[in-house]
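Have a look at model.cif; it's mmCIF, C-alpha atoms:
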data_query
#
loop_
_atom_site.label_atom_id
_atom_site.label_comp_id
_atom_site.auth_asym_id
_atom_site.auth_seq_id
_atom_site.Cartn_x
_atom_site.Cartn_y
_atom_site.Cartn_z
CA MET E 1 -13.31 8.57 -2.17
CA GLY E 2 -13.14 9.09 1.54
CA HIS E 3 -10.05 10.46 3.23
CA TRP E 4 -10.19 9.83 6.95
CA GLY E 5 -6.62 10.68 7.86
CA VAL E 6 -3.43 12.04 6.38
CA ARG E 7 -1.55 8.82 5.68
CA SER E 8 -1.68 7.57 2.09
CA TYR E 9 -3.45 4.40 3.20
CA GLU E 10 -6.09 6.28 5.17
CA ASN E 11 -8.58 6.38 2.35
CA ASP E 12 -11.32 3.99 1.39
CA GLU E 13 -9.66 2.56 -1.71
CA ALA E 14 -6.32 1.73 -0.06
CA ALA E 15 -8.01 0.37 3.07
CA ASP E 16 -10.30 -1.86 1.01
CA ALA E 17 -7.40 -3.19 -1.08
CA LEU E 18 -5.28 -3.84 2.03
CA ASP E 19 -8.16 -5.65 3.73
CA ALA E 20 -8.78 -7.75 0.63
CA GLY E 21 -5.08 -8.53 0.26
CA PHE E 22 -4.70 -9.70 3.85
CA ASP E 23 -7.89 -11.74 3.51
CA ARG E 24 -6.78 -13.35 0.23
CA VAL E 25 -3.49 -14.45 1.74
CA HIS E 26 -4.44 -15.33 5.30
CA GLY E 27 -8.18 -16.08 5.01
CA LYS E 28 -9.57 -17.66 8.16
CA GLN E 29 -6.57 -16.64 10.28
CA TYR E 30 -7.09 -13.00 9.27
CA GLU E 31 -10.81 -13.20 10.03
CA GLU E 32 -10.12 -14.65 13.47
CA LEU E 33 -7.52 -12.00 14.29
CA MET E 34 -9.86 -9.22 13.13
CA ASP E 35 -12.72 -10.51 15.29
CA ASP E 36 -13.85 -7.96 17.88
CA ARG E 37 -13.20 -10.51 20.63
CA ASN E 38 -9.51 -10.67 19.72
CA PRO E 39 -7.45 -8.34 21.94
CA LEU E 40 -5.01 -7.45 19.15
CA THR E 41 -5.40 -4.04 17.55
CA PHE E 42 -5.77 -3.64 13.80
CA GLU E 43 -2.16 -2.37 13.75
CA GLN E 44 -0.95 -5.48 15.58
CA VAL E 45 -2.82 -7.79 13.21
CA GLN E 46 -1.20 -6.14 10.20
CA GLU E 47 2.23 -6.24 11.86
CA ARG E 48 1.82 -9.95 12.47
CA LEU E 49 0.60 -10.88 8.98
CA ALA E 50 2.23 -8.43 6.53
CA ASP E 51 4.59 -10.05 4.07
CA PRO E 52 5.40 -9.95 0.35
CA ARG E 53 2.32 -12.02 -0.40
CA THR E 54 -0.01 -9.50 1.24
CA LEU E 55 1.67 -6.71 -0.71
CA ASP E 56 1.12 -8.56 -3.99
CA ALA E 57 -2.43 -9.57 -3.06
CA SER E 58 -3.33 -6.01 -2.03
CA ILE E 59 -2.06 -4.65 -5.35
CA ALA E 60 -4.00 -7.37 -7.16
CA ALA E 61 -7.14 -6.44 -5.20
CA LEU E 62 -6.64 -2.81 -6.17
CA ARG E 63 -6.35 -3.81 -9.82
CA ASP E 64 -9.51 -5.92 -9.52
CA SER E 65 -11.57 -3.20 -7.86
CA LEU E 66 -10.28 0.06 -9.25
CA ALA E 67 -7.33 0.05 -11.63
CA GLY E 68 -8.25 -2.76 -13.99
CA PRO E 69 -5.84 -4.27 -16.47
CA SER E 70 -4.40 -0.94 -17.61
CA PRO E 71 -0.72 -0.27 -16.94
CA PRO E 72 0.05 1.79 -13.83
CA GLU E 73 1.00 4.79 -15.96
CA ALA E 74 -2.66 5.05 -17.03
CA TRP E 75 -4.15 4.84 -13.51
CA ASP E 76 -6.22 7.73 -12.21
CA GLU E 77 -5.49 9.64 -9.02
CA LEU E 78 -7.67 7.36 -6.87
CA ALA E 79 -5.82 4.24 -7.97
CA ARG E 80 -2.44 5.96 -7.67
CA LEU E 81 -3.06 7.11 -4.11
CA ALA E 82 -4.37 3.68 -3.16
CA LEU E 83 -1.26 2.02 -4.62
CA VAL E 84 0.97 4.46 -2.74
CA GLY E 85 -0.96 3.65 0.43
CA ILE E 86 -0.47 -0.08 -0.05
CA VAL E 87 3.26 0.36 -0.65
CA VAL E 88 3.74 2.79 2.25
CA ARG E 89 1.81 0.57 4.66
CA HIS E 90 3.89 -2.46 3.79
CA ALA E 91 7.12 -0.46 4.03
CA GLU E 92 6.06 0.71 7.50
CA LEU E 93 5.54 -2.92 8.43
CA GLY E 94 9.04 -3.88 7.28
CA VAL E 95 8.16 -5.64 4.05
CA ARG E 96 10.79 -5.23 1.34
CA ILE E 97 9.27 -3.40 -1.59
CA PRO E 98 10.08 -4.31 -5.21
CA GLU E 99 12.16 -1.49 -6.63
CA PRO E 100 9.75 -0.62 -9.47
CA TRP E 101 6.83 -0.24 -7.02
CA ARG E 102 8.97 1.71 -4.56
CA GLN E 103 10.14 4.14 -7.25
CA ARG E 104 6.63 4.54 -8.65
CA ALA E 105 5.23 5.32 -5.20
CA ILE E 106 7.94 7.92 -4.56
CA LEU E 107 7.29 9.54 -7.94
CA TRP E 108 3.54 9.64 -7.41
CA LEU E 109 3.96 11.08 -3.90
CA GLU E 110 6.31 13.77 -5.19
CA HIS E 111 3.76 14.82 -7.82
CA GLU E 112 0.59 14.42 -5.78
CA GLU E 113 -1.83 17.31 -5.91
CA ILE E 114 -2.79 18.16 -2.34
CA GLU E 115 -6.56 18.56 -2.18
CA TRP E 116 -6.94 17.22 1.32
CA GLU E 117 -8.90 18.90 4.07
CA GLU E 118 -5.78 18.85 6.24
CA ALA E 119 -3.44 20.04 3.45
CA THR E 120 -0.55 21.19 5.67
CA VAL E 121 -0.60 18.02 7.74
CA ARG E 122 -0.82 15.95 4.54
CA ARG E 123 2.23 17.72 3.10
CA LEU E 124 4.21 16.87 6.24
CA ARG E 125 3.02 13.27 6.17
CA ARG E 126 3.79 13.00 2.45
CA GLN E 127 7.40 14.09 3.12
CA LYS E 128 7.65 11.47 5.85
CA GLU E 129 6.35 8.79 3.49
CA ILE E 130 8.79 9.79 0.76
CA GLY E 131 11.63 9.59 3.28
CA LEU E 132 10.42 6.18 4.46
CA LEU E 133 10.30 4.85 0.92
CA ARG E 134 13.69 6.28 0.00
CA GLY E 135 15.23 4.58 3.01
CA ALA E 136 13.23 1.36 2.73
CA ALA E 137 14.98 -1.85 1.94
CA ALA E 138 14.06 -2.66 -1.62
CA VAL E 139 14.14 -5.91 -3.49
CA ASP E 140 16.97 -6.00 -6.00
CA ALA E 141 15.53 -4.63 -9.24
CA SER E 142 16.90 -7.60 -11.18
CA ALA E 143 14.89 -9.96 -8.97
CA ALA E 144 11.59 -8.10 -9.34
CA LYS E 145 9.13 -7.83 -12.17
CA SER E 146 8.14 -4.43 -13.47
CA PRO E 147 5.05 -2.77 -11.95
CA ALA E 148 3.15 -3.64 -15.09
CA GLU E 149 3.93 -7.30 -14.37
CA GLU E 150 2.54 -6.98 -10.82
CA GLY E 151 5.90 -6.86 -8.98
CA THR E 152 7.16 -9.33 -6.43
CA ALA E 153 8.53 -8.65 -3.00
CA ARG E 154 10.56 -10.34 -0.32
CA LYS E 155 10.55 -9.61 3.37
#
Would you mind writing the structure in this file as structure tokens?
Amino acid sequence: MGHWGVRSYENDEAADALDAGFDRVHGKQYEELMDDRNPLTFEQVQERLADPRTLDASIAALRDSLAGPSPPEAWDELARLALVGIVVRHAELGVRIPEPWRQRAILWLEHEEIEWEEATVRRLRRQKEIGLLRGAAAVDASAAKSPAEEGTARK
């Protein structure tokens, strides 16, 4: 696993799942926006395209590549951090997070073992992410499936 920042989504597994999720949902449009000739930044592309479908597709891509069919409770640290990254990134982009995924991400962040090169900076960022998720608009729990059922979200 490669950490290249202090945000939960700044690791190879989360980045790959996010990229796959955006590609699965937006396909050719995503490819065109990500083209080097496009003046939009990566951040701007994600801001433009993020929605509940990209959240679901990113989680599905994570399951396909890393987590497998096992329930989230059985996921290893790599899969957990990647899931947290996917959830945090979508929350930052204003996507409403299904309550079960939001609560799971908060729990996993609170119990994360800090083994990062920039441990102090990661701790600060982790607190910011927990605060973001606690304050994030969540989908009504009665309207969302459990994390084991993949969750659904609404923007």
What's around region 119-129 of chain E at 8 Å? Count all atoms listed in the file, leave out sequence neighbours fewer than 3 positions away in its own chain, and write the answer as a CSV table (one decimal) with C-alpha atoms, keeping the file's coordinate frame.
chain,number,residue,atom,x,y,z
E,6,VAL,CA,-3.4,12.0,6.4
E,7,ARG,CA,-1.6,8.8,5.7
E,8,SER,CA,-1.7,7.6,2.1
E,88,VAL,CA,3.7,2.8,2.2
E,109,LEU,CA,4.0,11.1,-3.9
E,114,ILE,CA,-2.8,18.2,-2.3
E,115,GLU,CA,-6.6,18.6,-2.2
E,116,TRP,CA,-6.9,17.2,1.3
E,132,LEU,CA,10.4,6.2,4.5
E,133,LEU,CA,10.3,4.8,0.9
Can you translate the PyMOL selection byres ((chain E and resi 32-36) around 12) into the concrete residues it hits in this file, as a PDB file with C-alpha atoms, keeping the file's coordinate frame?
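Printed below is part_2.pdb as written:
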ATOM      1  CA  ASP E  19      -8.160  -5.650   3.730  1.00  0.00           C
ATOM      2  CA  PHE E  22      -4.700  -9.700   3.850  1.00  0.00           C
ATOM      3  CA  ASP E  23      -7.890 -11.740   3.510  1.00  0.00           C
ATOM      4  CA  HIS E  26      -4.440 -15.330   5.300  1.00  0.00           C
ATOM      5  CA  GLY E  27      -8.180 -16.080   5.010  1.00  0.00           C
ATOM      6  CA  LYS E  28      -9.570 -17.660   8.160  1.00  0.00           C
ATOM      7  CA  GLN E  29      -6.570 -16.640  10.280  1.00  0.00           C
ATOM      8  CA  TYR E  30      -7.090 -13.000   9.270  1.00  0.00           C
ATOM      9  CA  GLU E  31     -10.810 -13.200  10.030  1.00  0.00           C
ATOM     10  CA  ARG E  37     -13.200 -10.510  20.630  1.00  0.00           C
ATOM     11  CA  ASN E  38      -9.510 -10.670  19.720  1.00  0.00           C
ATOM     12  CA  PRO E  39      -7.450  -8.340  21.940  1.00  0.00           C
ATOM     13  CA  LEU E  40      -5.010  -7.450  19.150  1.00  0.00           C
ATOM     14  CA  THR E  41      -5.400  -4.040  17.550  1.00  0.00           C
ATOM     15  CA  PHE E  42      -5.770  -3.640  13.800  1.00  0.00           C
ATOM     16  CA  GLU E  43      -2.160  -2.370  13.750  1.00  0.00           C
ATOM     17  CA  GLN E  44      -0.950  -5.480  15.580  1.00  0.00           C
ATOM     18  CA  VAL E  45      -2.820  -7.790  13.210  1.00  0.00           C
ATOM     19  CA  GLN E  46      -1.200  -6.140  10.200  1.00  0.00           C
ATOM     20  CA  GLU E  47       2.230  -6.240  11.860  1.00  0.00           C
ATOM     21  CA  ARG E  48       1.820  -9.950  12.470  1.00  0.00           C
ATOM     22  CA  LEU E  49       0.600 -10.880   8.980  1.00  0.00           C
TER      23      LEU E  49
END
Skipping near chain neighbours, those fewer than 4 positions away, what residues fall within 8 Å of Leu66 (chain E) using only C-alpha atoms, listed as a PyMOL selection string? chain E and resi 13+62+79
The PyMOL selection byres ((chain E and resi 107) around 12) - which residues does that actually catch in the file I just gave you? List them as a list in words.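 Residues picked by the PyMOL selection byres ((chain E and resi 107) around 12): Glu73, Arg80, Leu81, Leu83, Val84, Pro100, Trp101, Arg102, Gln103, Arg104, Ala105, Ile106, Trp108, Leu109, Glu110, His111, Glu112, Arg126, Gln127, Glu129, Ile130, Leu133 and Arg134 of chain E.
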Contacts of Leu18 (chain E) at 9 Å or less, counting only C-alpha atoms, minus same-chain residues fewer than 5 places along, as a ChimeraX atom specification? /E:9,13,23,54-55,57-59,61-62,85-86,89
One decimal, in Å: what's the spacing between CA of Ala91 (chain E) and CA of Glu117 (chain E)?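 According to the coordinates, CA of Ala91 (chain E) and CA of Glu117 (chain E) are separated by 25.1 Å.
Of note, CA of Ser65 (chain E) and CA of His90 (chain E) are spaced 19.4 Å apart.
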Enter the distance from CA of Ala15 (chain E) to CA of Pro69 (chain E), in Å, rounded to one decimal.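 It comes out at 20.2 Å.
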